[in-house]
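Source file: target_14.cif; contents: mmCIF, C-alpha atoms.
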```
data_target
loop_
_atom_site.label_atom_id
_atom_site.label_comp_id
_atom_site.auth_asym_id
_atom_site.auth_seq_id
_atom_site.Cartn_x
_atom_site.Cartn_y
_atom_site.Cartn_z
CA MET K 1 56.63 -57.68 47.49
CA TYR K 2 59.10 -55.71 49.58
CA TYR K 3 60.51 -52.27 48.80
CA SER K 4 63.45 -50.20 50.00
CA THR K 5 64.68 -46.62 49.98
CA HIS K 6 67.62 -44.71 51.44
CA TYR K 7 67.75 -41.91 53.99
CA LYS K 8 70.82 -39.80 54.84
CA SER K 9 71.14 -39.34 58.60
CA PRO K 10 73.64 -37.95 61.12
CA VAL K 11 74.60 -41.55 61.99
CA GLY K 12 75.09 -42.66 58.38
CA ASP K 13 73.12 -43.96 55.44
CA ILE K 14 69.89 -45.66 56.47
CA LEU K 15 68.09 -48.29 54.44
CA LEU K 16 64.32 -48.38 55.01
CA ALA K 17 62.24 -51.38 53.95
CA SER K 18 58.49 -51.78 53.57
CA ASP K 19 55.80 -54.24 52.49
CA GLU K 20 54.15 -51.14 50.97
CA ASN K 21 51.88 -50.64 53.99
CA ASN K 22 54.25 -51.01 56.97
CA ILE K 23 57.86 -50.32 57.86
CA ILE K 24 59.48 -53.76 58.11
CA GLY K 25 63.12 -52.71 58.33
CA LEU K 26 65.55 -49.93 59.11
CA TRP K 27 69.28 -50.63 58.97
CA ILE K 28 72.15 -48.22 59.52
CA GLY K 29 74.87 -48.69 56.90
CA GLU K 30 76.11 -52.25 56.69
CA GLN K 31 75.05 -53.15 60.19
CA LYS K 32 75.50 -56.60 61.64
CA TYR K 33 72.70 -59.10 60.87
CA ILE K 34 71.32 -57.06 57.95
CA GLY K 35 71.43 -60.20 55.79
CA ASN K 36 69.48 -62.16 58.40
CA THR K 37 66.73 -59.59 58.85
CA MET K 38 66.23 -58.10 55.38
CA PRO K 39 63.86 -59.87 52.97
CA LYS K 40 65.62 -61.37 49.95
CA ASP K 41 63.09 -60.20 47.33
CA ILE K 42 63.38 -56.44 47.83
CA THR K 43 63.12 -53.75 45.14
CA GLU K 44 64.21 -50.13 45.46
CA LYS K 45 61.19 -47.83 45.17
CA GLU K 46 61.09 -44.41 46.70
CA ASP K 47 57.63 -43.06 45.92
CA ILE K 48 55.40 -45.03 48.29
CA PRO K 49 53.58 -43.14 51.08
CA ILE K 50 54.96 -45.24 53.95
CA PHE K 51 58.49 -44.17 53.03
CA GLN K 52 57.47 -40.51 53.08
CA GLU K 53 55.97 -41.09 56.55
CA GLY K 54 59.10 -42.94 57.70
CA LYS K 55 61.43 -40.22 56.43
CA ALA K 56 59.28 -37.52 58.08
CA TRP K 57 59.49 -39.49 61.37
CA LEU K 58 63.29 -39.71 61.02
CA ASP K 59 63.50 -35.98 60.18
CA ASP K 60 61.61 -35.23 63.40
CA TYR K 61 63.72 -37.68 65.42
CA PHE K 62 67.02 -36.21 64.25
CA ALA K 63 65.63 -32.70 64.86
CA GLY K 64 65.07 -33.71 68.51
CA LYS K 65 61.27 -33.63 68.35
CA GLU K 66 60.65 -37.03 70.04
CA PRO K 67 58.23 -38.41 67.42
CA LYS K 68 55.64 -40.95 68.56
CA LEU K 69 55.92 -44.55 67.37
CA SER K 70 52.18 -44.60 66.80
CA ARG K 71 52.74 -42.41 63.71
CA LEU K 72 54.16 -45.39 61.84
CA PRO K 73 52.71 -48.80 61.07
CA LEU K 74 55.48 -51.25 62.00
CA ALA K 75 55.63 -54.93 61.04
CA PRO K 76 59.00 -56.41 62.00
CA ILE K 77 59.40 -59.97 60.76
CA GLY K 78 60.21 -62.47 63.51
CA GLY K 79 58.88 -65.19 65.77
CA GLU K 80 56.78 -64.86 68.93
CA PHE K 81 59.70 -64.45 71.34
CA LYS K 82 61.33 -61.73 69.24
CA GLN K 83 57.97 -59.96 68.82
CA HIS K 84 57.60 -59.82 72.63
CA VAL K 85 61.10 -58.37 73.00
CA TRP K 86 60.58 -55.82 70.21
CA LYS K 87 57.23 -54.75 71.69
CA ILE K 88 58.95 -54.07 75.03
CA LEU K 89 61.63 -52.04 73.22
CA THR K 90 58.90 -49.77 71.81
CA GLU K 91 57.86 -49.01 75.39
CA ILE K 92 61.23 -47.57 76.47
CA PRO K 93 60.75 -43.80 76.73
CA TYR K 94 62.84 -41.43 74.60
CA GLY K 95 66.18 -40.70 76.26
CA GLU K 96 65.81 -43.41 78.90
CA LEU K 97 67.65 -46.69 79.34
CA THR K 98 66.80 -50.20 80.41
CA THR K 99 68.80 -53.41 80.75
CA TYR K 100 68.72 -56.77 79.04
CA GLY K 101 67.93 -58.30 82.45
CA SER K 102 64.91 -56.03 82.97
CA ILE K 103 63.58 -56.93 79.54
CA ALA K 104 64.14 -60.64 80.28
CA LYS K 105 62.01 -60.36 83.43
CA GLU K 106 59.25 -58.58 81.54
CA VAL K 107 59.29 -61.05 78.63
CA ALA K 108 59.06 -63.93 81.12
CA ARG K 109 56.07 -62.27 82.81
CA ARG K 110 54.28 -61.64 79.49
CA MET K 111 54.93 -65.18 78.26
CA GLY K 112 53.90 -66.78 81.56
CA LYS K 113 57.38 -68.18 82.29
CA ASP K 114 59.28 -68.29 85.57
CA ARG K 115 62.36 -66.74 84.04
CA MET K 116 64.00 -65.79 80.77
CA SER K 117 67.62 -65.60 79.72
CA ALA K 118 69.05 -62.10 79.37
CA GLN K 119 71.36 -63.56 76.70
CA ALA K 120 68.36 -64.75 74.67
CA VAL K 121 66.89 -61.27 75.00
CA GLY K 122 70.22 -59.84 73.85
CA GLY K 123 70.02 -61.98 70.71
CA ALA K 124 66.50 -60.73 69.94
CA VAL K 125 67.49 -57.12 70.63
CA GLY K 126 70.51 -57.49 68.35
CA HIS K 127 68.33 -58.86 65.56
CA ASN K 128 65.81 -56.01 65.79
CA PRO K 129 65.10 -55.26 62.11
CA ILE K 130 63.82 -51.72 62.70
CA SER K 131 66.68 -49.88 64.43
CA ILE K 132 66.14 -46.41 65.89
CA ILE K 133 62.33 -46.55 65.46
CA ILE K 134 62.21 -49.68 67.65
CA PRO K 135 64.80 -48.25 70.05
CA CYS K 136 67.20 -51.11 70.76
CA HIS K 137 69.95 -48.52 71.32
CA ARG K 138 68.32 -47.76 74.71
CA VAL K 139 69.29 -51.17 76.12
CA VAL K 140 72.50 -51.53 78.14
CA GLY K 141 74.10 -54.19 80.29
CA THR K 142 73.17 -54.31 83.98
CA ASN K 143 76.69 -53.12 84.82
CA GLY K 144 76.44 -50.13 82.45
CA SER K 145 78.22 -51.72 79.51
CA LEU K 146 77.24 -50.38 76.10
CA THR K 147 77.20 -53.78 74.53
CA GLY K 148 75.37 -55.31 71.63
CA TYR K 149 74.37 -52.70 69.07
CA ALA K 150 74.28 -54.19 65.58
CA GLY K 151 74.81 -50.76 64.01
CA GLY K 152 78.01 -50.26 66.02
CA ILE K 153 78.68 -48.99 69.53
CA ASP K 154 79.73 -45.58 68.15
CA LYS K 155 76.26 -45.13 66.66
CA LYS K 156 74.60 -46.32 69.87
CA VAL K 157 76.53 -43.65 71.79
CA LYS K 158 75.57 -40.95 69.24
CA LEU K 159 71.88 -41.90 69.44
CA LEU K 160 71.86 -41.93 73.24
CA LYS K 161 73.65 -38.56 73.42
CA HIS K 162 71.25 -37.18 70.79
CA GLU K 163 68.34 -38.20 73.03
CA GLY K 164 69.98 -36.64 76.10
CA ALA K 165 70.25 -39.97 77.92
CA ASN K 166 72.17 -39.99 81.19
CA MET K 167 75.52 -41.51 80.17
CA THR K 168 76.96 -41.53 83.71
CA GLY K 169 78.46 -44.90 84.52
CA LEU K 170 78.16 -46.25 80.99
CA TYR K 171 81.21 -47.67 79.29
CA VAL K 172 82.33 -49.49 76.15
CA PRO K 173 83.32 -52.97 77.36
CA VAL K 174 86.07 -53.67 74.81
CA LYS K 175 88.10 -50.65 75.83
CA GLY K 176 86.74 -50.48 79.37
CA THR K 177 86.74 -46.69 79.32
CA ALA K 178 84.06 -44.51 80.81
CA LEU K 179 82.21 -42.08 78.55
#
```
Once you've parsed the file, please lay out its structure as structure tokens.
Amino acid sequence: MYYSTHYKSPVGDILLASDENNIIGLWIGEQKYIGNTMPKDITEKEDIPIFQEGKAWLDDYFAGKEPKLSRLPLAPIGGEFKQHVWKILTEIPYGELTTYGSIAKEVARRMGKDRMSAQAVGGAVGHNPISIIIPCHRVVGTNGSLTGYAGGIDKKVKLLKHEGANMTGLYVPVKGTAL
């Protein structure tokens, strides 16, 4: 059985999901791919301990306290390739950035492959079911483009600025304007 609850945040309403023991999902508003990554048989239930832990983690995050991922048991649902990508995302330090290409190289190394497509990595990053906690917002294009955030580029920018990330040279590709 899967459960959900809501959390009000500075970037909008957040839907948290759990299998009662682990966080399995965190979606901002009506973000892209929510239907593909949220379990179908989910019931709203607020009073389970994992949700209290998740909300406390989010409170600390939005208060700028840099909470540790180890505080929360996470169990994103996805295949082996996606699990590798999501694991690498959890290793990106607070307020720092990496690129899809860098993640592709690391996934290839961990999977014993010669190379890996940055576009395939982009698909896995975009389908990350636990936004913010698994920090997919810290991934940018090699050229500095702020591309590919399922919650919306505006939220990606807010999260990066909240973390104090160096925004120099980053831009929104659709408009082509620097930040």
**Q.** Given all atoms listed in the file as the counted atoms, nearest of K:Trp27, K:Tyr2, K:Tyr94, K:Phe62 to Ala165 of chain K
**A.** K:Tyr94
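As for atom CA of Gly25 of chain K and atom CA of Arg109 of chain K, they are spaced 27.2 Å apart.
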Q. Restricting the calculation to all atoms listed in the file, which member of K:Leu72, K:Gly169, K:Leu26, K:Gly95 is positioned closest to Ala150 of chain K?
A.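 Of the candidates, the smallest distance to Ala150 of chain K is held by K:Leu26.
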Q: Just the residues within 9 Å of Tyr100 of chain K, please, counting only C-alpha atoms, with nothing from its chain fewer than 6 positions along; format it as a VMD selection string.
A: chain K and resid 117 to 119 121 to 122 125 139 to 142
Running the PyMOL selection byres ((chain K and resi 52) around 12) on this model by hand, what would come out? Give it as a CSV table (one decimal) with C-alpha atoms, keeping the file's coordinate frame.
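The resulting file, part_10.csv, is reproduced below:
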```csv
chain,number,residue,atom,x,y,z
K,4,SER,CA,63.4,-50.2,50.0
K,5,THR,CA,64.7,-46.6,50.0
K,6,HIS,CA,67.6,-44.7,51.4
K,7,TYR,CA,67.8,-41.9,54.0
K,16,LEU,CA,64.3,-48.4,55.0
K,17,ALA,CA,62.2,-51.4,54.0
K,18,SER,CA,58.5,-51.8,53.6
K,20,GLU,CA,54.2,-51.1,51.0
K,21,ASN,CA,51.9,-50.6,54.0
K,22,ASN,CA,54.2,-51.0,57.0
K,23,ILE,CA,57.9,-50.3,57.9
K,45,LYS,CA,61.2,-47.8,45.2
K,46,GLU,CA,61.1,-44.4,46.7
K,47,ASP,CA,57.6,-43.1,45.9
K,48,ILE,CA,55.4,-45.0,48.3
K,49,PRO,CA,53.6,-43.1,51.1
K,50,ILE,CA,55.0,-45.2,54.0
K,51,PHE,CA,58.5,-44.2,53.0
K,53,GLU,CA,56.0,-41.1,56.6
K,54,GLY,CA,59.1,-42.9,57.7
K,55,LYS,CA,61.4,-40.2,56.4
K,56,ALA,CA,59.3,-37.5,58.1
K,57,TRP,CA,59.5,-39.5,61.4
K,58,LEU,CA,63.3,-39.7,61.0
K,59,ASP,CA,63.5,-36.0,60.2
K,71,ARG,CA,52.7,-42.4,63.7
K,72,LEU,CA,54.2,-45.4,61.8
```
Q | the PyMOL selection byres ((chain K and resi 145) around 12) resolved against shown file, as a ChimeraX atom specification | A | /K:97-100,138-144,146-149,153,156-157,167-179
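Atom to atom, atom CA of Ile103 of chain K and atom CA of Tyr61 of chain K stand 23.9 Å apart.
Distance-wise, atom CA of Trp86 of chain K and atom CA of Leu69 of chain K end up 12.5 Å apart.
Every protein, DNA or RNA residue with an atom at most 12 Å from Met111 of chain K, where all atoms listed in the file count and chain neighbours fewer than 2 positions away do not, is listed here: Glu80, Phe81, Lys82, Gln83, His84, Val85, Ala104, Lys105, Glu106, Val107, Ala108, Arg109, Lys113, Asp114, Arg115 and Met116 of chain K.
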Q) Which residue out of K:Val11, K:Ala63, K:Leu160, K:Ile133 has the minimum interatomic distance to Glu91 of chain K when only C-alpha atoms are used? A) K:Ile133
Q.
Excluding Ile134 of chain K and its own-chain neighbours fewer than 5 positions away, which residues fall within 8 Å of it when counting only C-alpha atoms? Please give them as an MDAnalysis selection string.
A. chainID K and resid 86 89:90 128
Q. For this file, the PyMOL selection byres ((chain K and resi 1) around 8) selects which residues, as a PyMOL selection string?
A. chain K and resi 2-3+19-20+41-43
Q) Using only C-alpha atoms, which of K:Leu159, K:Ile88, K:Ala124, K:Cys136 sits nearest Pro10 of chain K? A) K:Leu159
Return the padded bounding box of segment 163-167 of chain K as lines of an AutoDock Vina configuration file: axis-aligned, built from all atoms listed in the file, 4 Å added on each side, with centre and edge lengths in Å to one decimal.
```
center_x = 71.9
center_y = -39.1
center_z = 77.1
size_x = 15.2
size_y = 12.9
size_z = 16.2
```
Residue completion, segment 121-153 of chain K, N, CA and C atoms, as a PDB file, in the frame of the given file:
```pdb
ATOM      1  N   VAL K 121      67.429 -62.602  75.271  1.00  0.00           N
ATOM      2  CA  VAL K 121      66.890 -61.270  75.000  1.00  0.00           C
ATOM      3  C   VAL K 121      67.899 -60.461  74.203  1.00  0.00           C
ATOM      4  N   GLY K 122      69.173 -60.550  74.570  1.00  0.00           N
ATOM      5  CA  GLY K 122      70.220 -59.840  73.850  1.00  0.00           C
ATOM      6  C   GLY K 122      70.258 -60.229  72.378  1.00  0.00           C
ATOM      7  N   GLY K 123      70.057 -61.518  72.093  1.00  0.00           N
ATOM      8  CA  GLY K 123      70.020 -61.980  70.710  1.00  0.00           C
ATOM      9  C   GLY K 123      68.847 -61.370  69.949  1.00  0.00           C
ATOM     10  N   ALA K 124      67.682 -61.319  70.591  1.00  0.00           N
ATOM     11  CA  ALA K 124      66.500 -60.730  69.940  1.00  0.00           C
ATOM     12  C   ALA K 124      66.673 -59.224  69.754  1.00  0.00           C
ATOM     13  N   VAL K 125      67.249 -58.563  70.744  1.00  0.00           N
ATOM     14  CA  VAL K 125      67.490 -57.120  70.630  1.00  0.00           C
ATOM     15  C   VAL K 125      68.456 -56.860  69.479  1.00  0.00           C
ATOM     16  N   GLY K 126      69.519 -57.651  69.400  1.00  0.00           N
ATOM     17  CA  GLY K 126      70.510 -57.490  68.350  1.00  0.00           C
ATOM     18  C   GLY K 126      69.982 -57.733  66.955  1.00  0.00           C
ATOM     19  N   HIS K 127      68.936 -58.551  66.855  1.00  0.00           N
ATOM     20  CA  HIS K 127      68.330 -58.860  65.560  1.00  0.00           C
ATOM     21  C   HIS K 127      67.090 -58.015  65.276  1.00  0.00           C
ATOM     22  N   ASN K 128      66.907 -56.940  66.033  1.00  0.00           N
ATOM     23  CA  ASN K 128      65.810 -56.010  65.790  1.00  0.00           C
ATOM     24  C   ASN K 128      65.950 -55.472  64.362  1.00  0.00           C
ATOM     25  N   PRO K 129      64.964 -55.717  63.496  1.00  0.00           N
ATOM     26  CA  PRO K 129      65.100 -55.260  62.110  1.00  0.00           C
ATOM     27  C   PRO K 129      64.719 -53.802  61.872  1.00  0.00           C
ATOM     28  N   ILE K 130      64.240 -53.116  62.901  1.00  0.00           N
ATOM     29  CA  ILE K 130      63.820 -51.720  62.700  1.00  0.00           C
ATOM     30  C   ILE K 130      64.547 -50.823  63.702  1.00  0.00           C
ATOM     31  N   SER K 131      65.863 -50.711  63.538  1.00  0.00           N
ATOM     32  CA  SER K 131      66.680 -49.880  64.430  1.00  0.00           C
ATOM     33  C   SER K 131      66.133 -48.466  64.523  1.00  0.00           C
ATOM     34  N   ILE K 132      66.504 -47.793  65.572  1.00  0.00           N
ATOM     35  CA  ILE K 132      66.140 -46.410  65.890  1.00  0.00           C
ATOM     36  C   ILE K 132      64.642 -46.289  66.179  1.00  0.00           C
ATOM     37  N   ILE K 133      63.780 -46.665  65.238  1.00  0.00           N
ATOM     38  CA  ILE K 133      62.330 -46.550  65.460  1.00  0.00           C
ATOM     39  C   ILE K 133      61.907 -47.502  66.579  1.00  0.00           C
ATOM     40  N   ILE K 134      62.342 -48.755  66.515  1.00  0.00           N
ATOM     41  CA  ILE K 134      62.210 -49.680  67.650  1.00  0.00           C
ATOM     42  C   ILE K 134      63.554 -49.523  68.378  1.00  0.00           C
ATOM     43  N   PRO K 135      63.560 -48.785  69.491  1.00  0.00           N
ATOM     44  CA  PRO K 135      64.800 -48.250  70.050  1.00  0.00           C
ATOM     45  C   PRO K 135      65.683 -49.235  70.832  1.00  0.00           C
ATOM     46  N   CYS K 136      66.306 -50.150  70.117  1.00  0.00           N
ATOM     47  CA  CYS K 136      67.200 -51.110  70.760  1.00  0.00           C
ATOM     48  C   CYS K 136      68.465 -50.443  71.296  1.00  0.00           C
ATOM     49  N   HIS K 137      68.769 -49.238  70.829  1.00  0.00           N
ATOM     50  CA  HIS K 137      69.950 -48.520  71.320  1.00  0.00           C
ATOM     51  C   HIS K 137      69.783 -48.094  72.783  1.00  0.00           C
ATOM     52  N   ARG K 138      68.580 -48.160  73.331  1.00  0.00           N
ATOM     53  CA  ARG K 138      68.320 -47.760  74.710  1.00  0.00           C
ATOM     54  C   ARG K 138      68.528 -48.888  75.710  1.00  0.00           C
ATOM     55  N   VAL K 139      69.061 -50.013  75.251  1.00  0.00           N
ATOM     56  CA  VAL K 139      69.290 -51.170  76.120  1.00  0.00           C
ATOM     57  C   VAL K 139      70.780 -51.292  76.417  1.00  0.00           C
ATOM     58  N   VAL K 140      71.103 -51.407  77.704  1.00  0.00           N
ATOM     59  CA  VAL K 140      72.500 -51.530  78.140  1.00  0.00           C
ATOM     60  C   VAL K 140      72.621 -52.725  79.084  1.00  0.00           C
ATOM     61  N   GLY K 141      73.857 -53.123  79.330  1.00  0.00           N
ATOM     62  CA  GLY K 141      74.100 -54.190  80.290  1.00  0.00           C
ATOM     63  C   GLY K 141      73.789 -53.713  81.705  1.00  0.00           C
ATOM     64  N   THR K 142      73.497 -54.638  82.590  1.00  0.00           N
ATOM     65  CA  THR K 142      73.170 -54.310  83.980  1.00  0.00           C
ATOM     66  C   THR K 142      74.289 -53.517  84.648  1.00  0.00           C
ATOM     67  N   ASN K 143      75.537 -53.796  84.235  1.00  0.00           N
ATOM     68  CA  ASN K 143      76.690 -53.120  84.820  1.00  0.00           C
ATOM     69  C   ASN K 143      77.039 -51.811  84.103  1.00  0.00           C
ATOM     70  N   GLY K 144      76.196 -51.384  83.156  1.00  0.00           N
ATOM     71  CA  GLY K 144      76.440 -50.130  82.450  1.00  0.00           C
ATOM     72  C   GLY K 144      77.209 -50.287  81.151  1.00  0.00           C
ATOM     73  N   SER K 145      77.466 -51.525  80.750  1.00  0.00           N
ATOM     74  CA  SER K 145      78.220 -51.720  79.510  1.00  0.00           C
ATOM     75  C   SER K 145      77.343 -51.425  78.294  1.00  0.00           C
ATOM     76  N   LEU K 146      77.931 -50.718  77.352  1.00  0.00           N
ATOM     77  CA  LEU K 146      77.240 -50.380  76.100  1.00  0.00           C
ATOM     78  C   LEU K 146      77.540 -51.488  75.105  1.00  0.00           C
ATOM     79  N   THR K 147      76.932 -52.599  75.331  1.00  0.00           N
ATOM     80  CA  THR K 147      77.200 -53.780  74.530  1.00  0.00           C
ATOM     81  C   THR K 147      76.083 -54.034  73.544  1.00  0.00           C
ATOM     82  N   GLY K 148      76.388 -54.732  72.481  1.00  0.00           N
ATOM     83  CA  GLY K 148      75.370 -55.310  71.630  1.00  0.00           C
ATOM     84  C   GLY K 148      74.559 -54.419  70.737  1.00  0.00           C
ATOM     85  N   TYR K 149      75.146 -53.467  70.040  1.00  0.00           N
ATOM     86  CA  TYR K 149      74.370 -52.700  69.070  1.00  0.00           C
ATOM     87  C   TYR K 149      74.828 -53.074  67.675  1.00  0.00           C
ATOM     88  N   ALA K 150      73.929 -53.674  66.907  1.00  0.00           N
ATOM     89  CA  ALA K 150      74.280 -54.190  65.580  1.00  0.00           C
ATOM     90  C   ALA K 150      74.777 -53.102  64.633  1.00  0.00           C
ATOM     91  N   GLY K 151      74.358 -51.860  64.846  1.00  0.00           N
ATOM     92  CA  GLY K 151      74.810 -50.760  64.010  1.00  0.00           C
ATOM     93  C   GLY K 151      76.172 -50.225  64.401  1.00  0.00           C
ATOM     94  N   GLY K 152      76.714 -50.710  65.525  1.00  0.00           N
ATOM     95  CA  GLY K 152      78.010 -50.260  66.020  1.00  0.00           C
ATOM     96  C   GLY K 152      77.860 -49.444  67.294  1.00  0.00           C
ATOM     97  N   ILE K 153      78.746 -49.683  68.241  1.00  0.00           N
ATOM     98  CA  ILE K 153      78.680 -48.990  69.530  1.00  0.00           C
ATOM     99  C   ILE K 153      78.792 -47.469  69.343  1.00  0.00           C
TER     100      ILE K 153
END
```
